[in-house]
Amino acid sequence: MTDFIQDITCDFVKELTPYESARRLFSGGRYWLNANESPFANDFSLDTSLLNRYPDCQPSELIGAYASYANLEPSQVLASRGADEGIELLIRAFCNPGQDNIVICPPTYGMYAISANTFNVAVNKVPLTSEFTLDIDALTEIAHSKDLPKLLFLCSPNNPTGTLLPKAQVKQVLELFAGKTIVVMDEAYIEFSPKESWQSELQNFDNLVILRTLSKAFALAGIRCGFALASEQIIKVLLKVIAPYPVSAPVAQIAQQALSPDGLNLMLEQVAYLNAEKQWLGEQLQARNYETVGADGANFILFRAQQKDAVMQYLVDQGLLIRDQSKQVQLQNCLRVTVGNREQNQLFINLLDEYNNRNV
Ligand SMILES: *Cc1c(COP(=O)(O)O)cnc(C)c1O
């Protein structure tokens with residue numbers, strides 16, 4: 001065998017390993033509480049009459065539906081293949097490879113760094129404080145340095161801590177980086193904490209971008225549909241680098257149904273159910289002396305388990321998957337469980353009890 005494929009691969013790509021998504025880590029299992037998906041699989045209808053035609057790059061009905069849901073102008077909305085593509089578009093549009101950097105605040109969502117790495121963009125880490133708030137001193141220093149980041153990624157509710165960033169802090173950061181750096185607010189879980197959205201601040205900060213998705217509260221992780229919300233000027237830049245047909249016709253149809261009045265009502269009902277289940281699940285964990293970590297702003301709970309590897313293995317052996325988050329800073333021995341339906345949540349608690357009873 002020749003080594004030429006290895007030889008011609010980009011130097012920085014040689015160093016990469018594929019993202020360990022929840023789905024890639026464990027392909028088996030019957031109960032999936034590892035990827036913050038919704039337990040609900042809702043029904044949609046499909047009109048196949050135009051599937052022989054290319055779709056619009058940004059289907060106007062879909063953009064209009066999301067703009068109205070988010071209380072914005074259509075010109076402030078970009079549809080993408082999941083919020084993940086929004087992250088990638090921002091990096092591709094604003095960061096010169098091998099030159100620019102982004103700032104992330106771990107523990108947080110992994111894709112900001114992964115995406116930057118795949119475009120040879122440096123990642124500067126400014127860890128959250130022990131309360132999972134922003135380290136304003138460190139960010140102030142960066143804002144006054146010569147090596148300004150192009151993008152600063154914030155996530156609220158944060159994955160995997162479920163915590164919300166204090167509004168005063170975010171405002172301070174938006175002001176600190178005004179005219180310098182785009183502050184990206186990832187609101188993938190905002191429907192679980194709707195009062196915390198920054199959408200109404202888009203009119204006040206031209207360096208704010210908000211990322212949204214239909215993958216979590218809208219129960220549509222399978223269709224890959226997300227949105228970037230920003231000034232018209234920023235959206236126009238992102239449109240320069242997006243693929244010609246990022247949103248397939250079936251995706252646009254399903255997303256529009258999810259954003260219809262009936263679809264929105266269903267989403268709100270399901271979010272209310274999951275928020276109640278989250279409360280129950282947290283109480284069950286605490287009653288068993290598990291320390292819950294962070295907060296419950298999203299659709300998952302982070303908790304500490306002293307024998308986390310053995311607990312994980314026991315759950316995997318029984319077909320129930322959760323996610324190990326212990327490699328992230330401050331999250332030693334932390335596991336993340338997605339809030340499922342009552343049957344799944346009860347099963348998870350029962351398996352923890354079984355595990356503990358075996359090991360006393
Ligand atoms: C799940 C998730 C995303 C990705 O959403 P997709 O729309 O499925 O790509 C983005 N950000 C955070 C914080 C997430 O947890």
# chains A, B, ... in the order shown; residues from 1 in each chain; ligands from 1

$ residues_near_ligand --ligand "ligand 1" --cutoff "7 Å" --atoms "only C-alpha atoms and all ligand atoms" --output "number ranges by chain"
A: 36, 81-85, 109, 155, 158-159, 186-188, 212-216, 221, 224-226

$ residues_around --residues "Gln318 of chain A" --least-positions-apart "4" --cutoff "9 Å" --atoms "only C-alpha atoms" --output "list in words"
Gly29, Arg30, Gln313, Tyr314 and Leu351 of chain A

$ atom_distance --atom1 "atom CA of Thr338 of chain A" --atom2 "atom CA of Asn34 of chain A"
5.9 Å

$ residues_around --residues "Gly297 of chain A" --least-positions-apart "6" --cutoff "7 Å" --atoms "only C-alpha atoms" --output "list in words"
Pro157, Gly162, Thr163, Leu164, Phe192 and Ser193 of chain A

$ select_by_dssp --residues "segment 267-343 of chain A" --states "alpha helix (DSSP H)" --output "PyMOL selection string"
chain A and resi 267-287+308-317+342-343

$ atom_distance --atom1 "atom CA of Ile104 of chain A" --atom2 "atom CA of Met185 of chain A"
11.1 Å

$ closest_atom_pairs --of "segment 259-313 of chain A" --to "segment 38-52 of chain A" --cutoff "9 Å" --atoms "only C-alpha atoms" --output "Markdown table"
| residue | atom | partner | partner_atom | distance |
| --- | --- | --- | --- | --- |
| A:Gln270 | CA | A:Phe40 | CA | 7.9 |
| A:Leu274 | CA | A:Ser38 | CA | 8.7 |
| A:Asn299 | CA | A:Ser38 | CA | 8.4 |

$ write_last_selection --atoms "C-alpha atoms" --output "PDB file, in the first residue's frame"
ATOM      1  CA  GLN A 270     -44.125  18.573  25.078  1.00  0.00           C
ATOM      2  CA  LEU A 274     -40.412  17.341  29.791  1.00  0.00           C
ATOM      3  CA  ASN A 299     -33.747  18.929  28.822  1.00  0.00           C
TER       4      ASN A 299
END

$ residues_around --residues "Leu264 of chain A" --least-positions-apart "2" --cutoff "12 Å" --atoms "only C-alpha atoms" --output "list in words"
Ala65, Tyr66, Ser68, Tyr69, Ala70, Glu191, Leu214, Ala217, Phe218, Ala219, Ala255, Gln256, Gln257, Ala258, Leu259, Ser260, Pro261, Asp262, Leu266, Met267, Leu268, Glu269, Gln270 and Val271 of chain A

$ closest_residue --among "A:Leu62, A:Leu72, A:Ala138, A:Leu220" --to "Trp198 of chain A" --atoms "only C-alpha atoms"
A:Leu72

$ atom_distance --atom1 "atom CA of Ile102 of chain A" --atom2 "atom CA of Asp11 of chain A"
20.1 Å

$ select_by_dssp --residues "segment 14-103 of chain A" --states "strand (DSSP E or B)" --output "list in words"
Tyr31, Trp32, Val77, Leu78, Ala79, Ser80, Asn101, Ile102 and Val103 of chain A

$ write_last_selection --atoms "N, CA, C and O atoms" --output "mmCIF file, in the first residue's frame"
data_model
loop_
_atom_site.group_PDB
_atom_site.id
_atom_site.type_symbol
_atom_site.label_atom_id
_atom_site.label_comp_id
_atom_site.auth_asym_id
_atom_site.auth_seq_id
_atom_site.Cartn_x
_atom_site.Cartn_y
_atom_site.Cartn_z
ATOM 1 N N TYR A 31 -32.692 2.335 24.723
ATOM 2 C CA TYR A 31 -33.207 3.532 25.383
ATOM 3 C C TYR A 31 -32.144 4.606 25.274
ATOM 4 O O TYR A 31 -31.068 4.468 25.853
ATOM 5 N N TRP A 32 -32.445 5.635 24.516
ATOM 6 C CA TRP A 32 -31.427 6.648 24.216
ATOM 7 C C TRP A 32 -31.652 7.898 25.032
ATOM 8 O O TRP A 32 -32.463 8.748 24.681
ATOM 9 N N VAL A 77 -32.889 36.014 9.487
ATOM 10 C CA VAL A 77 -32.945 34.573 9.744
ATOM 11 C C VAL A 77 -32.252 33.803 8.625
ATOM 12 O O VAL A 77 -32.508 34.047 7.445
ATOM 13 N N LEU A 78 -31.394 32.863 9.002
ATOM 14 C CA LEU A 78 -30.765 31.963 8.042
ATOM 15 C C LEU A 78 -31.072 30.531 8.461
ATOM 16 O O LEU A 78 -30.872 30.173 9.622
ATOM 17 N N ALA A 79 -31.543 29.718 7.508
ATOM 18 C CA ALA A 79 -31.799 28.297 7.805
ATOM 19 C C ALA A 79 -30.584 27.471 7.401
ATOM 20 O O ALA A 79 -29.978 27.723 6.355
ATOM 21 N N SER A 80 -30.224 26.501 8.241
ATOM 22 C CA SER A 80 -29.034 25.684 7.973
ATOM 23 C C SER A 80 -29.299 24.223 8.328
ATOM 24 O O SER A 80 -30.329 23.900 8.901
ATOM 25 N N ASN A 101 -8.473 33.197 15.559
ATOM 26 C CA ASN A 101 -8.882 32.298 16.641
ATOM 27 C C ASN A 101 -10.308 32.595 17.089
ATOM 28 O O ASN A 101 -10.854 33.674 16.837
ATOM 29 N N ILE A 102 -10.876 31.584 17.742
ATOM 30 C CA ILE A 102 -12.179 31.739 18.397
ATOM 31 C C ILE A 102 -11.979 31.517 19.894
ATOM 32 O O ILE A 102 -10.984 30.906 20.307
ATOM 33 N N VAL A 103 -12.926 32.005 20.693
ATOM 34 C CA VAL A 103 -12.892 31.755 22.139
ATOM 35 C C VAL A 103 -14.095 30.898 22.506
ATOM 36 O O VAL A 103 -15.216 31.148 22.050
#

$ residues_around --residues "Ala116 of chain A" --least-positions-apart "2" --cutoff "10 Å" --atoms "only C-alpha atoms" --output "count of residues only"
20

$ closest_residue --among "A:Ile136, A:Leu165, A:Leu16, A:Leu89" --to "Ala295 of chain A" --atoms "only C-alpha atoms"
A:Leu165

$ closest_residue --among "A:Ala305, A:Leu335, A:Leu281, A:Val209" --to "Leu347 of chain A" --atoms "only C-alpha atoms"
A:Leu281

$ residues_around --residues "Ile349 of chain A" --least-positions-apart "2" --cutoff "12 Å" --atoms "only C-alpha atoms" --output "NGL selection string"
:A and (280-288 or 290 or 311 or 315 or 320 or 337 or 339-340 or 342-347 or 351-356)

$ write_last_selection --atoms "N, CA, C and O atoms" --output "CSV table (one decimal), in the first residue's frame"
chain,number,residue,atom,x,y,z
A,280,TRP,N,-39.0,15.8,38.3
A,280,TRP,CA,-39.2,14.5,38.9
A,280,TRP,C,-37.9,13.7,38.9
A,280,TRP,O,-37.4,13.2,40.0
A,281,LEU,N,-37.2,13.7,37.8
A,281,LEU,CA,-35.9,13.0,37.7
A,281,LEU,C,-34.9,13.5,38.6
A,281,LEU,O,-34.1,12.8,39.3
A,282,GLY,N,-34.8,14.8,38.7
A,282,GLY,CA,-33.9,15.5,39.6
A,282,GLY,C,-34.1,15.1,41.0
A,282,GLY,O,-33.2,14.8,41.8
A,283,GLU,N,-35.4,15.1,41.4
A,283,GLU,CA,-35.8,14.7,42.8
A,283,GLU,C,-35.4,13.2,43.1
A,283,GLU,O,-34.9,12.9,44.1
A,284,GLN,N,-35.6,12.4,42.1
A,284,GLN,CA,-35.3,10.9,42.3
A,284,GLN,C,-33.7,10.8,42.5
A,284,GLN,O,-33.3,10.0,43.3
A,285,LEU,N,-33.0,11.5,41.7
A,285,LEU,CA,-31.5,11.4,41.8
A,285,LEU,C,-31.1,11.9,43.2
A,285,LEU,O,-30.2,11.3,43.8
A,286,GLN,N,-31.6,13.1,43.6
A,286,GLN,CA,-31.2,13.6,44.8
A,286,GLN,C,-31.6,12.7,46.0
A,286,GLN,O,-30.9,12.6,47.0
A,287,ALA,N,-32.8,12.1,45.9
A,287,ALA,CA,-33.2,11.2,46.9
A,287,ALA,C,-32.3,10.0,47.1
A,287,ALA,O,-32.2,9.4,48.1
A,288,ARG,N,-31.5,9.7,46.0
A,288,ARG,CA,-30.6,8.6,46.1
A,288,ARG,C,-29.1,9.2,46.4
A,288,ARG,O,-28.2,8.5,46.1
A,290,TYR,N,-27.4,11.3,44.8
A,290,TYR,CA,-26.5,11.8,43.7
A,290,TYR,C,-26.5,13.3,43.7
A,290,TYR,O,-27.5,13.9,43.9
A,311,VAL,N,-21.1,2.5,36.5
A,311,VAL,CA,-22.5,2.9,36.4
A,311,VAL,C,-22.9,2.9,34.9
A,311,VAL,O,-23.9,2.3,34.4
A,315,LEU,N,-25.5,0.5,32.8
A,315,LEU,CA,-26.7,1.0,32.0
A,315,LEU,C,-26.6,0.5,30.6
A,315,LEU,O,-27.5,0.1,30.0
A,320,LEU,N,-29.5,0.9,28.1
A,320,LEU,CA,-29.9,2.3,28.3
A,320,LEU,C,-28.6,3.2,28.2
A,320,LEU,O,-27.7,3.0,28.9
A,337,VAL,N,-27.8,12.8,31.8
A,337,VAL,CA,-28.9,12.0,31.3
A,337,VAL,C,-29.9,12.9,30.7
A,337,VAL,O,-30.3,14.0,31.3
A,339,VAL,N,-33.6,14.0,29.6
A,339,VAL,CA,-35.0,13.7,30.2
A,339,VAL,C,-35.8,13.0,29.1
A,339,VAL,O,-36.0,13.6,28.0
A,340,GLY,N,-36.3,11.8,29.4
A,340,GLY,CA,-37.1,11.1,28.4
A,340,GLY,C,-38.5,11.1,28.8
A,340,GLY,O,-39.0,12.0,29.6
A,342,ARG,N,-41.8,9.2,30.9
A,342,ARG,CA,-41.8,8.7,32.2
A,342,ARG,C,-41.3,7.2,32.2
A,342,ARG,O,-40.5,6.8,33.1
A,343,GLU,N,-41.7,6.5,31.2
A,343,GLU,CA,-41.2,5.1,31.2
A,343,GLU,C,-39.7,5.0,31.1
A,343,GLU,O,-39.1,4.2,31.9
A,344,GLN,N,-39.1,5.8,30.3
A,344,GLN,CA,-37.6,5.8,30.2
A,344,GLN,C,-37.0,6.4,31.4
A,344,GLN,O,-36.0,5.8,31.9
A,345,ASN,N,-37.5,7.4,32.0
A,345,ASN,CA,-36.9,8.0,33.2
A,345,ASN,C,-37.0,7.0,34.4
A,345,ASN,O,-36.1,6.9,35.1
A,346,GLN,N,-38.2,6.4,34.5
A,346,GLN,CA,-38.4,5.4,35.5
A,346,GLN,C,-37.4,4.2,35.4
A,346,GLN,O,-36.8,3.7,36.3
A,347,LEU,N,-37.2,3.8,34.1
A,347,LEU,CA,-36.3,2.7,33.9
A,347,LEU,C,-34.9,3.1,34.3
A,347,LEU,O,-34.2,2.3,34.9
A,351,LEU,N,-32.7,1.2,37.1
A,351,LEU,CA,-31.4,0.5,36.8
A,351,LEU,C,-30.4,1.1,37.7
A,351,LEU,O,-29.5,0.3,38.2
A,352,LEU,N,-30.4,2.4,38.1
A,352,LEU,CA,-29.5,2.9,39.1
A,352,LEU,C,-29.7,2.1,40.4
A,352,LEU,O,-28.7,1.8,41.1
A,353,ASP,N,-31.0,1.9,40.8
A,353,ASP,CA,-31.2,1.2,42.1
A,353,ASP,C,-30.7,-0.2,42.0
A,353,ASP,O,-30.1,-0.7,42.9
A,354,GLU,N,-30.9,-0.9,40.9
A,354,GLU,CA,-30.4,-2.2,40.7
A,354,GLU,C,-28.9,-2.2,40.8
A,354,GLU,O,-28.4,-3.1,41.5
A,355,TYR,N,-28.3,-1.3,40.2
A,355,TYR,CA,-26.8,-1.2,40.2
A,355,TYR,C,-26.4,-1.0,41.7
A,355,TYR,O,-25.5,-1.7,42.1
A,356,ASN,N,-27.0,-0.1,42.4
A,356,ASN,CA,-26.6,0.1,43.7
A,356,ASN,C,-26.8,-1.0,44.7
A,356,ASN,O,-26.0,-1.3,45.5

$ closest_residue --among "A:Asn207, A:Ile190, A:Asp309, A:Asn117" --to "Lys14 of chain A" --atoms "only C-alpha atoms"
A:Asn117

$ decode --residues "segment 125-255 of chain A" --atoms "C-alpha atoms" --output "PDB file, in the first residue's frame"
ATOM      1  CA  LYS A 125     -10.307  28.426  26.069  1.00  0.00           C
ATOM      2  CA  VAL A 126     -11.621  30.706  28.803  1.00  0.00           C
ATOM      3  CA  PRO A 127     -13.165  28.255  31.287  1.00  0.00           C
ATOM      4  CA  LEU A 128     -16.365  29.118  33.120  1.00  0.00           C
ATOM      5  CA  THR A 129     -16.019  29.915  36.823  1.00  0.00           C
ATOM      6  CA  SER A 130     -16.875  27.338  39.493  1.00  0.00           C
ATOM      7  CA  GLU A 131     -20.449  28.703  39.340  1.00  0.00           C
ATOM      8  CA  PHE A 132     -20.472  28.132  35.553  1.00  0.00           C
ATOM      9  CA  THR A 133     -20.582  31.872  34.900  1.00  0.00           C
ATOM     10  CA  LEU A 134     -18.254  33.857  32.618  1.00  0.00           C
ATOM     11  CA  ASP A 135     -14.731  34.756  33.679  1.00  0.00           C
ATOM     12  CA  ILE A 136     -15.158  38.460  32.961  1.00  0.00           C
ATOM     13  CA  ASP A 137     -11.579  39.357  33.930  1.00  0.00           C
ATOM     14  CA  ALA A 138     -10.104  36.887  31.460  1.00  0.00           C
ATOM     15  CA  LEU A 139     -12.516  37.993  28.722  1.00  0.00           C
ATOM     16  CA  THR A 140     -11.719  41.662  29.405  1.00  0.00           C
ATOM     17  CA  GLU A 141      -8.040  40.923  28.952  1.00  0.00           C
ATOM     18  CA  ILE A 142      -8.754  39.237  25.619  1.00  0.00           C
ATOM     19  CA  ALA A 143     -10.980  42.109  24.467  1.00  0.00           C
ATOM     20  CA  HIS A 144      -8.082  44.501  25.105  1.00  0.00           C
ATOM     21  CA  SER A 145      -5.385  42.317  23.567  1.00  0.00           C
ATOM     22  CA  LYS A 146      -3.979  42.636  20.058  1.00  0.00           C
ATOM     23  CA  ASP A 147      -4.909  39.083  19.119  1.00  0.00           C
ATOM     24  CA  LEU A 148      -8.673  39.614  19.080  1.00  0.00           C
ATOM     25  CA  PRO A 149     -10.815  36.544  18.477  1.00  0.00           C
ATOM     26  CA  LYS A 150     -13.205  36.684  15.536  1.00  0.00           C
ATOM     27  CA  LEU A 151     -15.882  34.730  17.375  1.00  0.00           C
ATOM     28  CA  LEU A 152     -16.744  34.169  21.033  1.00  0.00           C
ATOM     29  CA  PHE A 153     -19.066  31.197  21.581  1.00  0.00           C
ATOM     30  CA  LEU A 154     -21.449  31.316  24.534  1.00  0.00           C
ATOM     31  CA  CYS A 155     -24.073  28.690  25.268  1.00  0.00           C
ATOM     32  CA  SER A 156     -27.108  29.361  27.456  1.00  0.00           C
ATOM     33  CA  PRO A 157     -28.743  27.123  28.567  1.00  0.00           C
ATOM     34  CA  ASN A 158     -25.324  25.524  28.443  1.00  0.00           C
ATOM     35  CA  ASN A 159     -24.702  21.959  27.343  1.00  0.00           C
ATOM     36  CA  PRO A 160     -23.769  19.945  29.436  1.00  0.00           C
ATOM     37  CA  THR A 161     -24.264  22.000  32.618  1.00  0.00           C
ATOM     38  CA  GLY A 162     -27.842  23.208  31.978  1.00  0.00           C
ATOM     39  CA  THR A 163     -26.849  26.575  33.435  1.00  0.00           C
ATOM     40  CA  LEU A 164     -27.928  30.012  32.212  1.00  0.00           C
ATOM     41  CA  LEU A 165     -25.457  32.845  31.882  1.00  0.00           C
ATOM     42  CA  PRO A 166     -26.351  35.896  34.017  1.00  0.00           C
ATOM     43  CA  LYS A 167     -27.871  38.534  31.745  1.00  0.00           C
ATOM     44  CA  ALA A 168     -25.688  41.296  33.152  1.00  0.00           C
ATOM     45  CA  GLN A 169     -22.575  39.298  32.264  1.00  0.00           C
ATOM     46  CA  VAL A 170     -23.652  38.628  28.702  1.00  0.00           C
ATOM     47  CA  LYS A 171     -24.486  42.282  28.229  1.00  0.00           C
ATOM     48  CA  GLN A 172     -21.097  43.238  29.603  1.00  0.00           C
ATOM     49  CA  VAL A 173     -19.417  40.876  27.160  1.00  0.00           C
ATOM     50  CA  LEU A 174     -21.439  42.159  24.199  1.00  0.00           C
ATOM     51  CA  GLU A 175     -20.292  45.675  25.081  1.00  0.00           C
ATOM     52  CA  LEU A 176     -16.716  44.587  25.741  1.00  0.00           C
ATOM     53  CA  PHE A 177     -16.455  43.059  22.261  1.00  0.00           C
ATOM     54  CA  ALA A 178     -18.563  45.660  20.415  1.00  0.00           C
ATOM     55  CA  GLY A 179     -16.907  46.558  17.119  1.00  0.00           C
ATOM     56  CA  LYS A 180     -14.362  43.769  17.599  1.00  0.00           C
ATOM     57  CA  THR A 181     -15.708  40.252  17.880  1.00  0.00           C
ATOM     58  CA  ILE A 182     -18.969  38.456  17.092  1.00  0.00           C
ATOM     59  CA  VAL A 183     -20.580  36.980  20.205  1.00  0.00           C
ATOM     60  CA  VAL A 184     -22.414  33.802  19.261  1.00  0.00           C
ATOM     61  CA  MET A 185     -25.155  32.849  21.697  1.00  0.00           C
ATOM     62  CA  ASP A 186     -26.074  29.190  21.249  1.00  0.00           C
ATOM     63  CA  GLU A 187     -29.729  28.837  22.245  1.00  0.00           C
ATOM     64  CA  ALA A 188     -30.217  25.211  21.211  1.00  0.00           C
ATOM     65  CA  TYR A 189     -32.224  24.596  24.419  1.00  0.00           C
ATOM     66  CA  ILE A 190     -33.950  27.957  24.726  1.00  0.00           C
ATOM     67  CA  GLU A 191     -37.485  26.542  24.537  1.00  0.00           C
ATOM     68  CA  PHE A 192     -36.871  24.896  27.915  1.00  0.00           C
ATOM     69  CA  SER A 193     -36.027  28.334  29.428  1.00  0.00           C
ATOM     70  CA  PRO A 194     -37.870  30.686  27.071  1.00  0.00           C
ATOM     71  CA  LYS A 195     -37.504  33.829  29.199  1.00  0.00           C
ATOM     72  CA  GLU A 196     -33.743  33.697  28.753  1.00  0.00           C
ATOM     73  CA  SER A 197     -33.586  34.301  25.005  1.00  0.00           C
ATOM     74  CA  TRP A 198     -31.432  37.090  23.602  1.00  0.00           C
ATOM     75  CA  GLN A 199     -33.530  37.504  20.458  1.00  0.00           C
ATOM     76  CA  SER A 200     -34.878  40.917  21.495  1.00  0.00           C
ATOM     77  CA  GLU A 201     -31.308  42.196  21.943  1.00  0.00           C
ATOM     78  CA  LEU A 202     -30.392  41.651  18.283  1.00  0.00           C
ATOM     79  CA  GLN A 203     -31.625  45.177  17.579  1.00  0.00           C
ATOM     80  CA  ASN A 204     -29.227  46.597  20.176  1.00  0.00           C
ATOM     81  CA  PHE A 205     -26.050  44.627  19.390  1.00  0.00           C
ATOM     82  CA  ASP A 206     -24.734  44.288  15.854  1.00  0.00           C
ATOM     83  CA  ASN A 207     -22.091  41.792  17.085  1.00  0.00           C
ATOM     84  CA  LEU A 208     -24.678  39.288  18.365  1.00  0.00           C
ATOM     85  CA  VAL A 209     -25.565  36.048  16.561  1.00  0.00           C
ATOM     86  CA  ILE A 210     -28.061  33.584  18.019  1.00  0.00           C
ATOM     87  CA  LEU A 211     -28.085  29.913  17.048  1.00  0.00           C
ATOM     88  CA  ARG A 212     -31.277  27.855  17.222  1.00  0.00           C
ATOM     89  CA  THR A 213     -32.312  24.346  16.276  1.00  0.00           C
ATOM     90  CA  LEU A 214     -35.341  22.137  15.718  1.00  0.00           C
ATOM     91  CA  SER A 215     -33.373  19.165  17.104  1.00  0.00           C
ATOM     92  CA  LYS A 216     -34.235  19.485  20.773  1.00  0.00           C
ATOM     93  CA  ALA A 217     -37.590  20.937  21.905  1.00  0.00           C
ATOM     94  CA  PHE A 218     -39.104  20.534  18.421  1.00  0.00           C
ATOM     95  CA  ALA A 219     -38.207  16.827  18.423  1.00  0.00           C
ATOM     96  CA  LEU A 220     -36.674  16.926  14.930  1.00  0.00           C
ATOM     97  CA  ALA A 221     -33.016  15.955  15.334  1.00  0.00           C
ATOM     98  CA  GLY A 222     -33.444  13.605  12.361  1.00  0.00           C
ATOM     99  CA  ILE A 223     -34.214  16.291   9.794  1.00  0.00           C
ATOM    100  CA  ARG A 224     -31.156  18.497  10.498  1.00  0.00           C
ATOM    101  CA  CYS A 225     -32.612  21.967  10.594  1.00  0.00           C
ATOM    102  CA  GLY A 226     -31.297  24.941  12.530  1.00  0.00           C
ATOM    103  CA  PHE A 227     -31.299  28.708  12.303  1.00  0.00           C
ATOM    104  CA  ALA A 228     -28.879  31.575  12.744  1.00  0.00           C
ATOM    105  CA  LEU A 229     -30.445  34.856  13.872  1.00  0.00           C
ATOM    106  CA  ALA A 230     -28.437  38.025  13.325  1.00  0.00           C
ATOM    107  CA  SER A 231     -28.341  41.406  11.619  1.00  0.00           C
ATOM    108  CA  GLU A 232     -29.146  41.405   7.918  1.00  0.00           C
ATOM    109  CA  GLN A 233     -25.517  42.314   7.295  1.00  0.00           C
ATOM    110  CA  ILE A 234     -24.189  39.214   9.049  1.00  0.00           C
ATOM    111  CA  ILE A 235     -26.802  36.964   7.396  1.00  0.00           C
ATOM    112  CA  LYS A 236     -25.653  38.244   3.987  1.00  0.00           C
ATOM    113  CA  VAL A 237     -22.068  37.277   4.764  1.00  0.00           C
ATOM    114  CA  LEU A 238     -23.143  33.787   5.853  1.00  0.00           C
ATOM    115  CA  LEU A 239     -25.145  33.391   2.622  1.00  0.00           C
ATOM    116  CA  LYS A 240     -21.874  33.788   0.703  1.00  0.00           C
ATOM    117  CA  VAL A 241     -20.473  30.561   2.150  1.00  0.00           C
ATOM    118  CA  ILE A 242     -23.581  28.387   2.553  1.00  0.00           C
ATOM    119  CA  ALA A 243     -24.218  25.517   0.135  1.00  0.00           C
ATOM    120  CA  PRO A 244     -26.677  26.182  -2.702  1.00  0.00           C
ATOM    121  CA  TYR A 245     -29.327  23.772  -1.337  1.00  0.00           C
ATOM    122  CA  PRO A 246     -28.741  23.369   2.404  1.00  0.00           C
ATOM    123  CA  VAL A 247     -32.393  22.709   3.276  1.00  0.00           C
ATOM    124  CA  SER A 248     -33.915  19.802   1.367  1.00  0.00           C
ATOM    125  CA  ALA A 249     -37.562  20.036   0.304  1.00  0.00           C
ATOM    126  CA  PRO A 250     -38.814  17.379   2.781  1.00  0.00           C
ATOM    127  CA  VAL A 251     -36.927  19.138   5.586  1.00  0.00           C
ATOM    128  CA  ALA A 252     -38.500  22.488   4.701  1.00  0.00           C
ATOM    129  CA  GLN A 253     -41.985  20.967   4.612  1.00  0.00           C
ATOM    130  CA  ILE A 254     -41.610  19.207   7.963  1.00  0.00           C
ATOM    131  CA  ALA A 255     -39.998  22.232   9.605  1.00  0.00           C
TER     132      ALA A 255
END
